[in-house]
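**Q** Sending over target.pdb (PDB, C-alpha atoms).
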ATOM      1  CA  VAL O   8     -12.939 184.431 -45.795  1.00  0.00           C
ATOM      2  CA  ARG O   9     -10.521 181.528 -45.826  1.00  0.00           C
ATOM      3  CA  LEU O  10     -11.419 180.628 -42.278  1.00  0.00           C
ATOM      4  CA  THR O  11     -15.101 180.249 -43.237  1.00  0.00           C
ATOM      5  CA  LYS O  12     -14.185 177.997 -46.150  1.00  0.00           C
ATOM      6  CA  VAL O  13     -12.068 175.801 -43.872  1.00  0.00           C
ATOM      7  CA  LEU O  14     -14.863 175.646 -41.283  1.00  0.00           C
ATOM      8  CA  ARG O  15     -17.369 174.738 -44.009  1.00  0.00           C
ATOM      9  CA  VAL O  16     -15.104 171.889 -45.247  1.00  0.00           C
ATOM     10  CA  VAL O  17     -14.706 170.607 -41.695  1.00  0.00           C
ATOM     11  CA  ARG O  18     -18.480 170.667 -41.134  1.00  0.00           C
ATOM     12  CA  VAL O  19     -19.135 168.800 -44.422  1.00  0.00           C
ATOM     13  CA  ALA O  20     -16.433 166.275 -43.533  1.00  0.00           C
ATOM     14  CA  ASN O  21     -18.135 165.580 -40.202  1.00  0.00           C
ATOM     15  CA  ILE O  22     -21.501 165.106 -41.886  1.00  0.00           C
ATOM     16  CA  PHE O  23     -20.115 162.485 -44.269  1.00  0.00           C
ATOM     17  CA  GLN O  24     -18.072 160.608 -41.662  1.00  0.00           C
ATOM     18  CA  GLU O  25     -20.681 157.813 -41.490  1.00  0.00           C
ATOM     19  CA  LEU O  26     -20.764 157.599 -45.265  1.00  0.00           C
ATOM     20  CA  ARG O  27     -16.991 157.241 -45.399  1.00  0.00           C
ATOM     21  CA  LEU O  28     -17.172 154.505 -42.770  1.00  0.00           C
ATOM     22  CA  LEU O  29     -19.842 152.690 -44.782  1.00  0.00           C
ATOM     23  CA  ILE O  30     -17.783 152.891 -47.975  1.00  0.00           C
ATOM     24  CA  LYS O  31     -14.632 151.681 -46.191  1.00  0.00           C
ATOM     25  CA  THR O  32     -16.557 148.731 -44.755  1.00  0.00           C
ATOM     26  CA  TYR O  33     -17.981 147.883 -48.168  1.00  0.00           C
ATOM     27  CA  VAL O  34     -14.544 147.973 -49.795  1.00  0.00           C
ATOM     28  CA  ALA O  35     -13.011 145.897 -46.988  1.00  0.00           C
ATOM     29  CA  SER O  36     -15.672 143.197 -47.412  1.00  0.00           C
ATOM     30  CA  MET O  37     -15.164 142.784 -51.173  1.00  0.00           C
ATOM     31  CA  LEU O  38     -12.584 139.993 -50.809  1.00  0.00           C
ATOM     32  CA  SER O  39     -14.851 138.057 -48.449  1.00  0.00           C
ATOM     33  CA  LEU O  40     -17.765 138.563 -50.823  1.00  0.00           C
ATOM     34  CA  PHE O  41     -15.696 137.309 -53.742  1.00  0.00           C
ATOM     35  CA  TRP O  42     -14.710 134.075 -51.955  1.00  0.00           C
ATOM     36  CA  ALA O  43     -18.233 133.548 -50.641  1.00  0.00           C
ATOM     37  CA  LEU O  44     -19.553 133.790 -54.202  1.00  0.00           C
ATOM     38  CA  VAL O  45     -16.845 131.411 -55.459  1.00  0.00           C
ATOM     39  CA  VAL O  46     -17.865 128.789 -52.897  1.00  0.00           C
ATOM     40  CA  LEU O  47     -21.586 129.337 -53.499  1.00  0.00           C
ATOM     41  CA  PHE O  48     -21.322 129.185 -57.288  1.00  0.00           C
ATOM     42  CA  SER O  49     -19.058 126.129 -57.085  1.00  0.00           C
ATOM     43  CA  GLY O  50     -21.779 124.293 -55.208  1.00  0.00           C
ATOM     44  CA  MET O  51     -24.441 125.421 -57.670  1.00  0.00           C
ATOM     45  CA  ILE O  52     -22.313 124.468 -60.678  1.00  0.00           C
ATOM     46  CA  THR O  53     -21.527 121.028 -59.242  1.00  0.00           C
ATOM     47  CA  ALA O  54     -25.181 120.373 -58.496  1.00  0.00           C
ATOM     48  CA  SER O  55     -26.211 121.631 -61.948  1.00  0.00           C
ATOM     49  CA  VAL O  56     -23.811 119.305 -63.763  1.00  0.00           C
ATOM     50  CA  PHE O  57     -24.848 116.398 -61.541  1.00  0.00           C
ATOM     51  CA  VAL O  58     -28.597 116.806 -62.011  1.00  0.00           C
ATOM     52  CA  ALA O  59     -28.284 117.623 -65.741  1.00  0.00           C
ATOM     53  CA  GLN O  60     -26.446 114.324 -66.232  1.00  0.00           C
ATOM     54  CA  LEU O  61     -28.946 112.404 -64.109  1.00  0.00           C
ATOM     55  CA  ILE O  62     -31.941 113.742 -66.020  1.00  0.00           C
ATOM     56  CA  GLN O  63     -30.659 112.893 -69.521  1.00  0.00           C
ATOM     57  CA  PRO O  64     -32.012 109.305 -69.542  1.00  0.00           C
ATOM     58  CA  VAL O  65     -35.450 110.666 -68.613  1.00  0.00           C
ATOM     59  CA  VAL O  66     -35.370 113.256 -71.382  1.00  0.00           C
ATOM     60  CA  LEU O  67     -34.311 110.641 -73.946  1.00  0.00           C
ATOM     61  CA  ASP O  68     -36.703 107.882 -72.762  1.00  0.00           C
ATOM     62  CA  ARG O  69     -39.450 107.604 -75.410  1.00  0.00           C
ATOM     63  CA  THR O  70     -41.623 105.483 -73.108  1.00  0.00           C
ATOM     64  CA  LYS O  71     -42.104 108.406 -70.691  1.00  0.00           C
ATOM     65  CA  ASP O  72     -44.908 110.917 -71.101  1.00  0.00           C
ATOM     66  CA  MET O  73     -43.914 113.705 -73.486  1.00  0.00           C
ATOM     67  CA  ALA O  74     -45.035 116.434 -71.042  1.00  0.00           C
ATOM     68  CA  VAL O  75     -42.743 114.999 -68.338  1.00  0.00           C
ATOM     69  CA  ARG O  76     -39.833 114.758 -70.761  1.00  0.00           C
ATOM     70  CA  LEU O  77     -40.392 118.325 -71.966  1.00  0.00           C
ATOM     71  CA  GLN O  78     -40.621 119.759 -68.456  1.00  0.00           C
ATOM     72  CA  ALA O  79     -37.520 117.812 -67.386  1.00  0.00           C
ATOM     73  CA  PHE O  80     -35.657 119.272 -70.358  1.00  0.00           C
ATOM     74  CA  GLU O  81     -36.913 122.803 -69.675  1.00  0.00           C
ATOM     75  CA  MET O  82     -35.713 122.658 -66.068  1.00  0.00           C
ATOM     76  CA  PHE O  83     -32.584 120.481 -66.252  1.00  0.00           C
ATOM     77  CA  GLY O  84     -31.958 119.465 -69.883  1.00  0.00           C
ATOM     78  CA  THR O  85     -28.774 121.466 -70.374  1.00  0.00           C
ATOM     79  CA  PHE O  86     -26.182 122.869 -68.000  1.00  0.00           C
ATOM     80  CA  SER O  87     -27.481 126.421 -68.384  1.00  0.00           C
ATOM     81  CA  ARG O  88     -31.084 125.366 -67.724  1.00  0.00           C
ATOM     82  CA  ALA O  89     -30.026 123.305 -64.723  1.00  0.00           C
ATOM     83  CA  PHE O  90     -27.908 126.179 -63.399  1.00  0.00           C
ATOM     84  CA  ILE O  91     -30.802 128.628 -63.632  1.00  0.00           C
ATOM     85  CA  THR O  92     -33.041 126.157 -61.814  1.00  0.00           C
ATOM     86  CA  MET O  93     -30.420 125.558 -59.110  1.00  0.00           C
ATOM     87  CA  PHE O  94     -29.968 129.329 -58.772  1.00  0.00           C
ATOM     88  CA  GLU O  95     -33.709 129.623 -58.150  1.00  0.00           C
ATOM     89  CA  VAL O  96     -33.574 126.777 -55.633  1.00  0.00           C
ATOM     90  CA  THR O  97     -30.669 128.420 -53.810  1.00  0.00           C
ATOM     91  CA  MET O  98     -31.775 132.028 -53.755  1.00  0.00           C
ATOM     92  CA  SER O  99     -35.527 131.900 -53.268  1.00  0.00           C
ATOM     93  CA  PRO O 100     -36.940 130.591 -50.006  1.00  0.00           C
ATOM     94  CA  GLY O 101     -39.030 127.538 -50.811  1.00  0.00           C
ATOM     95  CA  GLY O 102     -37.873 127.724 -54.417  1.00  0.00           C
ATOM     96  CA  TRP O 103     -37.025 124.046 -54.535  1.00  0.00           C
ATOM     97  CA  GLY O 104     -40.723 123.138 -54.349  1.00  0.00           C
ATOM     98  CA  ARG O 105     -41.547 123.484 -58.040  1.00  0.00           C
ATOM     99  CA  SER O 106     -38.540 121.651 -59.450  1.00  0.00           C
ATOM    100  CA  GLY O 107     -38.054 119.303 -56.493  1.00  0.00           C
ATOM    101  CA  ARG O 108     -41.657 118.162 -56.435  1.00  0.00           C
ATOM    102  CA  PHE O 109     -41.656 117.679 -60.184  1.00  0.00           C
ATOM    103  CA  LEU O 110     -38.574 115.447 -60.118  1.00  0.00           C
ATOM    104  CA  THR O 111     -39.725 113.593 -57.008  1.00  0.00           C
ATOM    105  CA  TYR O 112     -43.309 112.879 -58.065  1.00  0.00           C
ATOM    106  CA  GLN O 113     -43.057 112.760 -61.851  1.00  0.00           C
ATOM    107  CA  VAL O 114     -39.606 111.279 -62.470  1.00  0.00           C
ATOM    108  CA  ASP O 115     -38.195 109.324 -59.517  1.00  0.00           C
ATOM    109  CA  ARG O 116     -38.756 109.574 -55.767  1.00  0.00           C
ATOM    110  CA  ARG O 117     -35.017 109.300 -55.109  1.00  0.00           C
ATOM    111  CA  TYR O 118     -34.543 112.876 -56.357  1.00  0.00           C
ATOM    112  CA  PHE O 119     -35.952 113.888 -52.982  1.00  0.00           C
ATOM    113  CA  LEU O 120     -32.633 112.855 -51.422  1.00  0.00           C
ATOM    114  CA  PHE O 121     -30.713 115.060 -53.846  1.00  0.00           C
ATOM    115  CA  PHE O 122     -32.875 118.080 -53.044  1.00  0.00           C
ATOM    116  CA  LEU O 123     -32.815 117.364 -49.321  1.00  0.00           C
ATOM    117  CA  VAL O 124     -29.016 117.320 -49.268  1.00  0.00           C
ATOM    118  CA  TYR O 125     -28.722 120.341 -51.592  1.00  0.00           C
ATOM    119  CA  VAL O 126     -31.211 122.483 -49.697  1.00  0.00           C
ATOM    120  CA  LEU O 127     -29.668 121.612 -46.331  1.00  0.00           C
ATOM    121  CA  LEU O 128     -26.030 122.083 -47.379  1.00  0.00           C
ATOM    122  CA  ILE O 129     -26.182 124.932 -49.887  1.00  0.00           C
ATOM    123  CA  SER O 130     -29.454 126.809 -49.496  1.00  0.00           C
ATOM    124  CA  PHE O 131     -29.566 126.625 -45.717  1.00  0.00           C
ATOM    125  CA  ALA O 132     -26.151 125.993 -44.164  1.00  0.00           C
ATOM    126  CA  LEU O 133     -23.870 127.770 -46.638  1.00  0.00           C
ATOM    127  CA  MET O 134     -26.175 130.765 -47.007  1.00  0.00           C
ATOM    128  CA  LYS O 135     -26.370 131.123 -43.209  1.00  0.00           C
ATOM    129  CA  VAL O 136     -22.581 130.956 -42.911  1.00  0.00           C
ATOM    130  CA  ILE O 137     -22.190 133.611 -45.615  1.00  0.00           C
ATOM    131  CA  SER O 138     -24.756 135.823 -43.880  1.00  0.00           C
ATOM    132  CA  ALA O 139     -22.955 135.370 -40.555  1.00  0.00           C
ATOM    133  CA  VAL O 140     -19.637 136.398 -42.096  1.00  0.00           C
ATOM    134  CA  PHE O 141     -21.091 139.697 -43.253  1.00  0.00           C
ATOM    135  CA  ILE O 142     -23.104 140.346 -40.105  1.00  0.00           C
ATOM    136  CA  LYS O 143     -20.144 139.973 -37.749  1.00  0.00           C
TER     137      LYS O 143
END
Written as structure tokens, that's how I'd like the structure from this file.
**A**
Amino acid sequence: VRLTKVLRVVRVANIFQELRLLIKTYVASMLSLFWALVVLFSGMITASVFVAQLIQPVVLDRTKDMAVRLQAFEMFGTFSRAFITMFEVTMSPGGWGRSGRFLTYQVDRRYFLFFLVYVLLISFALMKVISAVFIK
């Protein structure tokens, strides 16, 4: 009777060997994931503060169209709004189009440079490096 219980435990252990390997790999990658998120969120926070400060004169300018001012405030008027927008830009492919086109065509064409640099450095390069770290 004991021998059958031992054999049953051994058989179950062999079945879950892949699961154990998957869990060990997941646990081992947690430190890398933590530092990848620190770097990624640092870039998003820096960009959010930068663009929120740049957009304030537009939001406060009474000579600008009220719809433009309101949309600028809704997307970038505070740090939290700017961070949510930058999160969308970073995480969704092509997500910069809505906010980037608005700032470029409705506010100032020079915002294109900001979005070009951000999308290339954070959304493209950094995300590819993070993906490569976890794929290897």
**Q** For the structure provided, state which residues fall under the PyMOL selection byres ((chain O and resi 60-77) around 10), and present them as a list in words.
**A**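 Expected selection for the PyMOL selection byres ((chain O and resi 60-77) around 10) here is Ala54, Ser55, Val56, Phe57, Val58, Ala59, Gln78, Ala79, Phe80, Glu81, Met82, Phe83, Gly84, Thr85, Phe86, Ala89, Phe109, Leu110, Gln113, Val114, Asp115 and Tyr118 of chain O.
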**Q** So the first atom is atom CA of Phe94 of chain O and the second is atom CA of Met134 of chain O; what is the distance between them in Å, to one decimal place?
**A**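 Computed distance, atom CA of Phe94 of chain O to atom CA of Met134 of chain O, equals 12.4 Å.
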**Q** Go through O:Lys12, O:Ser39, O:Leu120, O:Phe131 and flag the residue nearest Pro100 of chain O, using all atoms listed in the file for the distances.
**A**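 Ranked by minimum distance to Pro100 of chain O, first place goes to O:Phe131.
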**Q** Go through the shown structure with the PyMOL selection byres ((chain O and resi 95) around 12) and write out the matching residues as a list of chain:residue names.
**A**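 Here the PyMOL selection byres ((chain O and resi 95) around 12) matches O:Met51, O:Ser55, O:Met82, O:Arg88, O:Ala89, O:Phe90, O:Ile91, O:Thr92, O:Met93, O:Phe94, O:Val96, O:Thr97, O:Met98, O:Ser99, O:Pro100, O:Gly101, O:Gly102, O:Trp103, O:Gly104, O:Arg105, O:Ser106, O:Gly107, O:Val126, O:Ser130.
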**Q** Kindly give the distance, in Å, that separates atom CA of Leu40 of chain O and atom CA of Ile137 of chain O, rounded to a single decimal.
**A**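 If I compute the distance from atom CA of Leu40 of chain O to atom CA of Ile137 of chain O, I get 8.4 Å.
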**Q** Using all atoms listed in the file, which residues sit within 12 Å of segment 22-38 of chain O once same-chain residues fewer than 6 positions away are excluded, as a ChimeraX atom specification?
**A** /O:15-16,44-45,137,140-143
**Q** Write the selection just made, keeping C-alpha atoms, as an mmCIF file, in the frame of the given file?
**A**
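Contents of the output file part_13.cif:
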data_model
loop_
_atom_site.group_PDB
_atom_site.id
_atom_site.type_symbol
_atom_site.label_atom_id
_atom_site.label_comp_id
_atom_site.auth_asym_id
_atom_site.auth_seq_id
_atom_site.Cartn_x
_atom_site.Cartn_y
_atom_site.Cartn_z
ATOM 1 C CA ARG O 15 -17.369 174.738 -44.009
ATOM 2 C CA VAL O 16 -15.104 171.889 -45.247
ATOM 3 C CA LEU O 44 -19.553 133.790 -54.202
ATOM 4 C CA VAL O 45 -16.845 131.411 -55.459
ATOM 5 C CA ILE O 137 -22.190 133.611 -45.615
ATOM 6 C CA VAL O 140 -19.637 136.398 -42.096
ATOM 7 C CA PHE O 141 -21.091 139.697 -43.253
ATOM 8 C CA ILE O 142 -23.104 140.346 -40.105
ATOM 9 C CA LYS O 143 -20.144 139.973 -37.749
#
**Q** Can you measure atom CA of Val124 of chain O to atom CA of Ser49 of chain O for me? One decimal in Å is fine.
**A**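 Here the two named atoms are 15.4 Å from each other.
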**Q** Given 8 Å on each side, where is the centre and what are the edge lengths in Å to one decimal of the axis-aligned box enclosing the listed atoms of segment 37-48 of chain O, as AutoDock Vina command-line options?
**A**
--center_x -17.1 --center_y 135.8 --center_z -52.9 --size_x 25.0 --size_y 30.0 --size_z 24.8
